[in-house]
Amino acid sequence: MRRPRLRVRPMRGLSLNRMIPNILTLLALCAGMTGIRLALADDYRTAVVAVFVAAILDGIDGRVARLLKGTSEFGAELDSLADFVSFGVAPALILYVWTLHSLSSLGWVVALLYTVCCSLRLARFNTQIGADLPPYAYNFFTGVPAPAGAGLALVPMLLQFEFGWDGFRNPWFGAFVLAAIGALMVSRVPTFSLKRIHVPREWALAVLLAIGALAALATTEPWATLLVVGLIYVGSFPFSIQAFLKLRRAAEDLRHANRGADVVEFKQEG
């Protein structure tokens with residue numbers, strides 16, 4: 001009697017391309033945790049660099065996932081958890097070790113409040129994924145995103161590194177900046193989303209040259225470059241608010257116009 005042949009099913013696994021975005025996310029998490037370790041070892045400059053490296057990795061992992069068609073619910077959850085550690089916990093602990101510990105319990109309370117604000121901001125962002133938002137709203141973030149908030153929270157350290165004045169290390173100044181950035185993260189202030197910005201073809205070369213120049217400046221004058229970028233970002237808030245209100249007003253006017261046209265058409269039919 002002839003025995004039936006057993007069919008061996010091929011092993012199904014994840015391709016390396018689909019794992020690359022998650023690897024980048026884990027590297028960002030490791031950079032944020034390393035920043036905490038460096039701060040505990042009094043290597044504050046490298047600790048700040050580690051947080052900004054985490055921000056760069058966080059900025060490209062989502063784009064790489066979309067390019068490689070490796071987006072997944074697991075990746076989104078992992079990205080959110082990594083953001084909380086790298087941009088919610090790491091900046092607060094680095095600033096606490098650097099200066100806020102001088103305020104004793106109050107310094108720790110400010111650090112905790114910043115971390116709580118970051119967690120609330122990330123939770124709100126996750127609930128907005130897939131939500132039915134107006135088309136114009138996708139061009140904006142609600143509040144300051146976590147990576148940008150982490151960079152702005154470290155501004156007192158950047159100022160001290162660049163200018164060398166110990167007054168920037170004043171714990172009250174650090175507490176004020178950290179509390180203000182935490183409030184901005186949970187605020188309803190609309191900020192520009194770079195994910196939706198499209199560069200015209202005729203500007204592509206100029207944008208690439210600008211990015212190259214920015215990279216060169218970041219390697220030669222890192223603290224000054226980061227301060228200028230942060231200043232430009234904060235300076236964009238009035239423009240983002242104005243643009244958001246203008247688009248919302250136009251959408252409301254269009255909706256009212258369409259509603260009025262429907263009422264007129266209904267009366268004519270009646």
# chains A, B, ... in the order shown; residues from 1 in each chain; ligands from 1
$ residues_around --residues "range 180-196 of chain A" --least-positions-apart "6" --cutoff "6 Å" --atoms "only C-alpha atoms" --output "list in words"
Tyr114, Cys117, Arg121, Asn139, Phe140, Phe141, Thr142, Gly143, Val144, Ser240 and Ile241 of chain A
$ residues_around --residues "range 122-136 of chain A" --least-positions-apart "4" --cutoff "7 Å" --atoms "only C-alpha atoms" --output "VMD selection string"
chain A and resid 80 118 247
$ select_by_dssp --residues "range 30-245 of chain A" --states "strand (DSSP E)" --output "VMD selection string"
chain A and resid 140 to 142 190 to 192
$ write_last_selection --atoms "C-alpha atoms" --output "PDB file, in the first residue's frame"
ATOM      1  CA  PHE A 140      -1.681  70.163  11.500  1.00  0.00           C
ATOM      2  CA  PHE A 141      -0.833  68.552  14.811  1.00  0.00           C
ATOM      3  CA  THR A 142      -2.910  69.315  17.881  1.00  0.00           C
ATOM      4  CA  PRO A 190      -2.401  73.780  15.895  1.00  0.00           C
ATOM      5  CA  THR A 191       1.169  73.258  14.707  1.00  0.00           C
ATOM      6  CA  PHE A 192       2.341  72.481  11.198  1.00  0.00           C
TER       7      PHE A 192
END
$ select_by_dssp --residues "range 74-228 of chain A" --states "alpha helix (DSSP H)" --output "VMD selection string"
chain A and resid 74 to 83 90 to 98 105 to 128 146 to 153 155 to 163 171 to 186 204 to 220 222 to 228
$ write_last_selection --atoms "C-alpha atoms" --output "JSON list (two decimals), in the first residue's frame"
[["chain", "number", "residue", "atom", "x", "y", "z"],
["A", 74, "PHE", "CA", 2.26, 46.45, 16.24],
["A", 75, "GLY", "CA", 4.65, 49.03, 14.79],
["A", 76, "ALA", "CA", 2.33, 51.90, 15.71],
["A", 77, "GLU", "CA", 2.06, 50.71, 19.32],
["A", 78, "LEU", "CA", 5.82, 50.17, 19.55],
["A", 79, "ASP", "CA", 6.46, 53.64, 18.15],
["A", 80, "SER", "CA", 4.17, 55.22, 20.74],
["A", 81, "LEU", "CA", 5.86, 53.40, 23.63],
["A", 82, "ALA", "CA", 9.33, 54.33, 22.33],
["A", 83, "ASP", "CA", 8.25, 57.97, 21.99],
["A", 90, "ALA", "CA", 14.42, 60.95, 29.00],
["A", 91, "PRO", "CA", 14.25, 64.80, 28.73],
["A", 92, "ALA", "CA", 12.57, 65.09, 32.14],
["A", 93, "LEU", "CA", 15.19, 62.92, 33.86],
["A", 94, "ILE", "CA", 18.09, 64.60, 32.05],
["A", 95, "LEU", "CA", 16.90, 68.05, 33.12],
["A", 96, "TYR", "CA", 16.21, 66.81, 36.64],
["A", 97, "VAL", "CA", 19.74, 65.45, 37.01],
["A", 98, "TRP", "CA", 21.21, 68.55, 35.34],
["A", 105, "SER", "CA", 10.48, 67.88, 45.57],
["A", 106, "LEU", "CA", 9.28, 70.75, 43.39],
["A", 107, "GLY", "CA", 11.80, 69.88, 40.69],
["A", 108, "TRP", "CA", 10.62, 66.29, 40.71],
["A", 109, "VAL", "CA", 6.98, 67.41, 40.50],
["A", 110, "VAL", "CA", 7.75, 69.51, 37.40],
["A", 111, "ALA", "CA", 9.57, 66.56, 35.79],
["A", 112, "LEU", "CA", 6.60, 64.30, 36.55],
["A", 113, "LEU", "CA", 4.12, 66.82, 35.13],
["A", 114, "TYR", "CA", 6.08, 67.03, 31.89],
["A", 115, "THR", "CA", 6.11, 63.24, 31.58],
["A", 116, "VAL", "CA", 2.36, 63.07, 32.27],
["A", 117, "CYS", "CA", 1.71, 65.76, 29.65],
["A", 118, "CYS", "CA", 3.75, 63.80, 27.11],
["A", 119, "SER", "CA", 1.80, 60.61, 27.83],
["A", 120, "LEU", "CA", -1.51, 62.45, 27.45],
["A", 121, "ARG", "CA", -0.34, 64.01, 24.20],
["A", 122, "LEU", "CA", 0.65, 60.61, 22.77],
["A", 123, "ALA", "CA", -2.64, 59.07, 23.91],
["A", 124, "ARG", "CA", -4.61, 61.85, 22.21],
["A", 125, "PHE", "CA", -2.57, 61.40, 19.03],
["A", 126, "ASN", "CA", -3.27, 57.65, 19.01],
["A", 127, "THR", "CA", -7.01, 58.20, 19.37],
["A", 128, "GLN", "CA", -6.96, 60.57, 16.37],
["A", 146, "ALA", "CA", 6.52, 64.72, 21.45],
["A", 147, "PRO", "CA", 9.87, 64.85, 19.56],
["A", 148, "ALA", "CA", 9.64, 68.61, 19.10],
["A", 149, "GLY", "CA", 8.60, 69.00, 22.73],
["A", 150, "ALA", "CA", 11.66, 67.06, 23.87],
["A", 151, "GLY", "CA", 13.94, 69.30, 21.81],
["A", 152, "LEU", "CA", 12.33, 72.47, 23.17],
["A", 153, "ALA", "CA", 12.52, 71.14, 26.74],
["A", 155, "VAL", "CA", 16.69, 74.49, 25.29],
["A", 156, "PRO", "CA", 18.16, 75.59, 28.68],
["A", 157, "MET", "CA", 20.95, 73.05, 28.21],
["A", 158, "LEU", "CA", 21.55, 74.16, 24.62],
["A", 159, "LEU", "CA", 21.81, 77.78, 25.77],
["A", 160, "GLN", "CA", 24.31, 76.88, 28.47],
["A", 161, "PHE", "CA", 26.39, 74.76, 26.10],
["A", 162, "GLU", "CA", 26.48, 77.52, 23.48],
["A", 163, "PHE", "CA", 27.03, 80.61, 25.61],
["A", 171, "PRO", "CA", 16.65, 75.44, 38.24],
["A", 172, "TRP", "CA", 13.73, 77.90, 38.17],
["A", 173, "PHE", "CA", 14.43, 78.66, 34.52],
["A", 174, "GLY", "CA", 14.58, 74.95, 33.70],
["A", 175, "ALA", "CA", 11.37, 74.29, 35.63],
["A", 176, "PHE", "CA", 9.57, 77.11, 33.79],
["A", 177, "VAL", "CA", 10.67, 75.86, 30.36],
["A", 178, "LEU", "CA", 9.80, 72.24, 31.15],
["A", 179, "ALA", "CA", 6.35, 73.18, 32.49],
["A", 180, "ALA", "CA", 5.65, 75.47, 29.53],
["A", 181, "ILE", "CA", 6.57, 72.80, 26.98],
["A", 182, "GLY", "CA", 4.44, 70.24, 28.80],
["A", 183, "ALA", "CA", 1.50, 72.65, 28.60],
["A", 184, "LEU", "CA", 2.10, 73.18, 24.88],
["A", 185, "MET", "CA", 2.06, 69.43, 24.24],
["A", 186, "VAL", "CA", -1.41, 68.99, 25.76],
["A", 204, "ALA", "CA", 13.66, 70.23, -4.79],
["A", 205, "LEU", "CA", 17.31, 71.11, -5.47],
["A", 206, "ALA", "CA", 17.18, 74.14, -3.19],
["A", 207, "VAL", "CA", 15.65, 72.09, -0.38],
["A", 208, "LEU", "CA", 18.33, 69.41, -0.73],
["A", 209, "LEU", "CA", 21.05, 72.07, -0.62],
["A", 210, "ALA", "CA", 19.46, 73.60, 2.48],
["A", 211, "ILE", "CA", 19.34, 70.22, 4.20],
["A", 212, "GLY", "CA", 22.99, 69.63, 3.33],
["A", 213, "ALA", "CA", 23.94, 73.05, 4.71],
["A", 214, "LEU", "CA", 21.94, 72.35, 7.87],
["A", 215, "ALA", "CA", 23.72, 69.04, 8.33],
["A", 216, "ALA", "CA", 27.10, 70.74, 7.90],
["A", 217, "LEU", "CA", 26.19, 73.39, 10.46],
["A", 218, "ALA", "CA", 24.92, 70.74, 12.87],
["A", 219, "THR", "CA", 28.30, 68.99, 12.81],
["A", 220, "THR", "CA", 30.33, 72.19, 13.27],
["A", 222, "PRO", "CA", 25.50, 71.84, 16.87],
["A", 223, "TRP", "CA", 24.12, 73.87, 19.78],
["A", 224, "ALA", "CA", 23.68, 77.09, 17.81],
["A", 225, "THR", "CA", 22.08, 75.18, 14.94],
["A", 226, "LEU", "CA", 19.60, 73.42, 17.22],
["A", 227, "LEU", "CA", 18.74, 76.71, 18.92],
["A", 228, "VAL", "CA", 18.04, 78.41, 15.59]]
$ residues_around --residues "Leu57 in chain A" --least-positions-apart "4" --cutoff "7 Å" --atoms "only C-alpha atoms" --output "PyMOL selection string"
chain A and resi 24-25+28+53+61
$ write_last_selection --atoms "N, CA and C atoms" --output "JSON list (two decimals), in the first residue's frame"
[["chain", "number", "residue", "atom", "x", "y", "z"],
["A", 24, "LEU", "N", 14.36, 50.53, 13.54],
["A", 24, "LEU", "CA", 14.64, 51.95, 13.74],
["A", 24, "LEU", "C", 13.95, 52.48, 14.99],
["A", 25, "THR", "N", 12.72, 52.04, 15.23],
["A", 25, "THR", "CA", 12.01, 52.46, 16.44],
["A", 25, "THR", "C", 12.72, 52.00, 17.70],
["A", 28, "ALA", "N", 15.72, 54.11, 18.31],
["A", 28, "ALA", "CA", 15.33, 55.38, 18.93],
["A", 28, "ALA", "C", 15.10, 55.21, 20.42],
["A", 53, "VAL", "N", 19.23, 62.27, 18.45],
["A", 53, "VAL", "CA", 19.36, 61.10, 17.57],
["A", 53, "VAL", "C", 18.07, 60.29, 17.60],
["A", 61, "ASP", "N", 11.35, 56.51, 10.84],
["A", 61, "ASP", "CA", 10.85, 55.14, 10.89],
["A", 61, "ASP", "C", 9.48, 55.00, 10.25]]
$ closest_residue --among "A:Ala50, A:Arg18, A:Val229, A:Ser102" --to "Arg66 in chain A" --atoms "only C-alpha atoms"
A:Arg18
$ atom_distance --atom1 "CA of Val64 in chain A" --atom2 "CA of Val199 in chain A"
18.4 Å
$ atom_distance --atom1 "CA of Gly70 in chain A" --atom2 "CA of Pro21 in chain A"
7.1 Å
$ atom_distance --atom1 "CA of Ser86 in chain A" --atom2 "CA of Ala41 in chain A"
17.7 Å
$ closest_residue --among "A:Leu103, A:Pro145, A:Thr71, A:Gln242" --to "Gly59 in chain A" --atoms "only C-alpha atoms"
A:Pro145
$ closest_residue --among "A:Gly230, A:Gly235, A:Gly32, A:Gly167" --to "Val85 in chain A" --atoms "only C-alpha atoms"
A:Gly32
$ residues_around --residues "Val51 in chain A" --least-positions-apart "2" --cutoff "7 Å" --atoms "only C-alpha atoms" --output "count of residues only"
10
